[in-house]
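Participant: Following this message is one structure expressed as structure tokens.
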Amino acid sequence: MISRYLRRALRDFAATLDRRMTIRLAVIVLSVLLSSAAISLAPIFLASLIDHTKSPSAAHDLSLLVLFYIAARFAGQILVDLRWLIVNPFLYRLSYRLATLMAARIGTQSNYSVRIADHTESITRRVAIVSKMQTGSMGVAYSVLSGFLPAICDLIVVIAAVSTLAGDVFPHMLVTAIAILLLAVKFMRRRELDRTAVAHNADNDVFAQYGGLISNAKLIHEYDALPFFQQRLRSAIGTSMAAHNRLFLTKSVRGIAITLATAIAYLIVLLVAARRVADGQFGAGEIFLLATFLDRLVQPMSNLSNSVNGFQSGIVAMSSGYDELDSLDREYAPTNPSVLTFSAARRAPTDANEPIACRGDRVHVTGKSGSGKSTFLSRVYAAAQAEHDRHAVLFLQANPEIVDGTVRDNIRLADESISEAAALESLEIWPAHGGRRINLDESARSLSLGERQFIAIVRAALRKPNILIIDEALNSIDVTSEDAVLRYLQTSLPETILFLVSHRPLQSIKPDFSVDFGKTRGAAKLVFT
């Protein structure tokens with residue numbers, strides 16, 4: 001499971017590092033190594049101080065050892081304390097960048113359906129997945145920088161010190177520490193990772209049901225549907241709690257087993273050391289140092305195992321996001337509508353009776369509600385996106401997409417190629433035909449539905465798409481304003497293929513042909529003019 005996602009995770013981590021972040025990472029690694037080395041060396045000076053107190057030593061020698069101990073011990077601790085300023089801001093920035101990268105991938109790879117918008121539950125689930133990926137990335141980075149690196153540094157210093165001091169006791173200590181590490185990494189770890197993945201997915205289901213409960217106020221008020229949504233949420237919570245309880249049980253069993261193994265290991269090593277003391281082979285300072293470094297040896301091993309566990313758990317948390325991306329890739333499969341093809345050339349006389357949409361054509365899609373117009377347009381949209389750059393094919397629905405922000409934000413969407421002058425010029429069409437003046441700085445959320453439809457028309461027209469599909473996206477605009485908007489489209493988009501669905505006759509646009517859906521559902525015929 002881990003290896004399946006590790007390469008992708010490392011690649012994404014690398015993608016978030018720029019030159020400045022890389023320099024900060026180097027500083028972090030150096031500070032972590034220095035702090036761990038200083039703290040690990042401190043007991044050596046204290047052990048020397050203990051041994052010197054038993055012999056006539058100069059006061060300045062003792063003072064020097066005290067100063068060395070204090071300097072190493074607390075300088076290292078100060079560096080540890082500075083990790084709040086050095087390590088944590090880096091970790092947060094790294095995790096935010098990675099989460100932004102994941103959210104952007106989900107946003108660009110989602111299978112956009114022009115017929116059915118994403119349910120809020122689905123959106124909330126994806127937000128929860130990105131949140132879990134951010135938390136997972138923090139766990140991965142933190143386990144490496146604040147767990148793995150200090151543990152490795154501790155091991156190097158401790159092994160070097162103990163191998164010279166402990167003599168034949170050292171192999172017992174090293175074997176014990178390695179055994180504890182292997183136990184912590186291997187014992188029931190696969191089961192814990194599997195149950196962690198199940199618990200993460202159950203968590204995502206709970207968040208999705210939160211979204212459904214919050215977003216369906218209309219159904220709750222009109223249909224008294226609160227018990228329905230509450231029941232769904234309770235069911236998801238019950239499933240999540242059961243999954244987490246199984247996970248917590250596994251963690252407890254693993255923790256107890258590792259603790260008992262560590263206690264047995266301590267007992268064995270200290271019994272061996274006690275024999276050396278009885279034989280007069282160890283002095284007071286040496287036995288203190290041996291006991292201290294027993295902790296210093298076993299603890300880095302434990303830290304190392306915790307770092308490995310944290311790293312694995314972080315990758316498991318991120319795996320949901322990668323699975324989501326994979327599912328989005330599989331979902332997107334544009335279908336050919338088979339009733340129309342597209343041409344970048346102008347309509348030729350020989351095209352008069354062929355189902356081909358040429359550059360600059362105006363196609364009127366007609367038929368009663370439920371006859372298949374939206375299905376047809378969704379297939380046209382999918383096929384057009386397969387043949388054109390996705391930015392060159394735009395689809396407008398009756399309920400336009402409006403983002404929080406100003407009218408300017410909604411028209412430009414941070415596209416510097418859309419000038420403010422062009423946006424103002426387009427907006428002047430609205431008050432010229434009886435509407436109120438719309439300002440670029442006003443909140444888009446304050447607009448009426450008809451005004452939102454007009455803003456969406458302007459946003460699309462200013463981008464000069466190759467194909468523009470308007471599926472009843474003018475139905476909340478009055479007849480006079482609709483006529484003006486159609487004339488605006490006719491003059492501003494002479495090269496664009498326009499698909500128009502409208503229950504009212506097209507006054508200002510003469511269609512090149514119509515796609516008429518008759519009484520039989522889904523049956524359409526082409527009518528050329």
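By convention in this document, the chains of the structure tokens carry letters A, B, ... by their order, each chain's residues are numbered from 1, and ligands are numbered from 1 in the order they are shown.
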Any idea what's packed within 7 Å of Thr196 (chain A), counting only C-alpha atoms, ignoring anything in its chain fewer than 4 positions away? Could you give it as a ChimeraX atom specification?
Facilitator: /A:192,200,247
Participant: Keeping all heavy atoms, export the residues of the selection given above as a short mmCIF file (atom, residue, chain, number, x, y, z; two decimals), in the first residue's frame.
Facilitator:
```cif
data_model
loop_
_atom_site.label_atom_id
_atom_site.label_comp_id
_atom_site.auth_asym_id
_atom_site.auth_seq_id
_atom_site.Cartn_x
_atom_site.Cartn_y
_atom_site.Cartn_z
N GLU A 192 -2.88 -2.21 11.31
CA GLU A 192 -3.12 -0.83 11.72
C GLU A 192 -3.25 0.09 10.52
O GLU A 192 -4.13 0.97 10.48
CB GLU A 192 -1.98 -0.35 12.62
CG GLU A 192 -2.20 1.06 13.16
CD GLU A 192 -1.08 1.53 14.05
OE1 GLU A 192 -0.08 0.81 14.18
OE2 GLU A 192 -1.21 2.64 14.61
N HIS A 200 -10.17 6.62 7.69
CA HIS A 200 -10.12 7.86 6.92
C HIS A 200 -11.29 7.94 5.95
O HIS A 200 -11.94 8.99 5.82
CB HIS A 200 -8.80 7.95 6.15
CG HIS A 200 -7.65 8.42 6.97
ND1 HIS A 200 -7.71 9.53 7.77
CD2 HIS A 200 -6.39 7.91 7.13
CE1 HIS A 200 -6.55 9.71 8.38
NE2 HIS A 200 -5.74 8.73 8.01
N LEU A 247 -9.60 0.56 14.97
CA LEU A 247 -8.25 1.12 14.84
C LEU A 247 -7.62 1.35 16.21
O LEU A 247 -6.45 1.00 16.44
CB LEU A 247 -8.31 2.42 14.04
CG LEU A 247 -7.01 3.24 13.96
CD1 LEU A 247 -5.92 2.44 13.26
CD2 LEU A 247 -7.26 4.56 13.24
#
```
Participant: Residues of region 295-454 of chain A in strand (DSSP E) according to DSSP, as number ranges by chain?
Facilitator: A: 341-343, 356-358, 362-367, 393-396
Participant: For N, CA and C atoms, I'd like the residues from the last selection saved as an mmCIF file, in the first residue's frame.
Facilitator:
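File produced: part11.cif:
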```
data_model
loop_
_atom_site.group_PDB
_atom_site.id
_atom_site.type_symbol
_atom_site.label_atom_id
_atom_site.label_comp_id
_atom_site.auth_asym_id
_atom_site.auth_seq_id
_atom_site.Cartn_x
_atom_site.Cartn_y
_atom_site.Cartn_z
ATOM 1 N N THR A 341 -20.749 17.166 -36.373
ATOM 2 C CA THR A 341 -19.306 17.334 -36.388
ATOM 3 C C THR A 341 -19.019 18.820 -36.499
ATOM 4 N N PHE A 342 -17.768 19.187 -36.259
ATOM 5 C CA PHE A 342 -17.407 20.596 -36.222
ATOM 6 C C PHE A 342 -16.382 20.904 -37.301
ATOM 7 N N SER A 343 -16.453 22.120 -37.809
ATOM 8 C CA SER A 343 -15.513 22.555 -38.830
ATOM 9 C C SER A 343 -15.014 23.942 -38.488
ATOM 10 N N ILE A 356 -23.167 19.298 -39.968
ATOM 11 C CA ILE A 356 -21.855 19.833 -39.617
ATOM 12 C C ILE A 356 -22.021 21.266 -39.130
ATOM 13 N N ALA A 357 -21.406 21.575 -38.002
ATOM 14 C CA ALA A 357 -21.447 22.927 -37.453
ATOM 15 C C ALA A 357 -20.156 23.627 -37.847
ATOM 16 N N CYS A 358 -20.279 24.686 -38.620
ATOM 17 C CA CYS A 358 -19.110 25.396 -39.153
ATOM 18 C C CYS A 358 -18.858 26.677 -38.361
ATOM 19 N N ARG A 362 -24.936 29.569 -36.263
ATOM 20 C CA ARG A 362 -25.877 29.761 -35.160
ATOM 21 C C ARG A 362 -26.855 28.584 -35.208
ATOM 22 N N VAL A 363 -26.837 27.762 -34.162
ATOM 23 C CA VAL A 363 -27.646 26.541 -34.130
ATOM 24 C C VAL A 363 -28.726 26.722 -33.076
ATOM 25 N N HIS A 364 -29.972 26.609 -33.488
ATOM 26 C CA HIS A 364 -31.093 26.749 -32.567
ATOM 27 C C HIS A 364 -31.588 25.355 -32.192
ATOM 28 N N VAL A 365 -31.552 25.032 -30.900
ATOM 29 C CA VAL A 365 -32.015 23.734 -30.408
ATOM 30 C C VAL A 365 -33.399 23.924 -29.823
ATOM 31 N N THR A 366 -34.370 23.230 -30.382
ATOM 32 C CA THR A 366 -35.768 23.427 -29.973
ATOM 33 C C THR A 366 -36.379 22.101 -29.533
ATOM 34 N N GLY A 367 -37.499 22.202 -28.851
ATOM 35 C CA GLY A 367 -38.224 21.030 -28.390
ATOM 36 C C GLY A 367 -38.795 21.270 -27.011
ATOM 37 N N VAL A 393 -14.323 25.976 -25.447
ATOM 38 C CA VAL A 393 -15.700 25.485 -25.456
ATOM 39 C C VAL A 393 -16.336 25.858 -24.121
ATOM 40 N N LEU A 394 -17.360 26.699 -24.166
ATOM 41 C CA LEU A 394 -18.009 27.171 -22.950
ATOM 42 C C LEU A 394 -19.478 26.785 -22.957
ATOM 43 N N PHE A 395 -20.000 26.469 -21.766
ATOM 44 C CA PHE A 395 -21.387 26.037 -21.617
ATOM 45 C C PHE A 395 -22.042 26.908 -20.553
ATOM 46 N N LEU A 396 -23.144 27.562 -20.908
ATOM 47 C CA LEU A 396 -23.875 28.410 -19.965
ATOM 48 C C LEU A 396 -25.222 27.774 -19.667
#
```
Participant: Tell me, as a PyMOL selection string, which residues lie within 9 Å of Ile39 (chain A), counting only C-alpha atoms; anything in the same chain fewer than 4 positions away does not count.
Facilitator: chain A and resi 34-35+43+72-77+154
Participant: So what do you get for CA of Ala344 (chain A) versus CA of Phe376 (chain A), distance-wise?
Facilitator: 20.9 Å
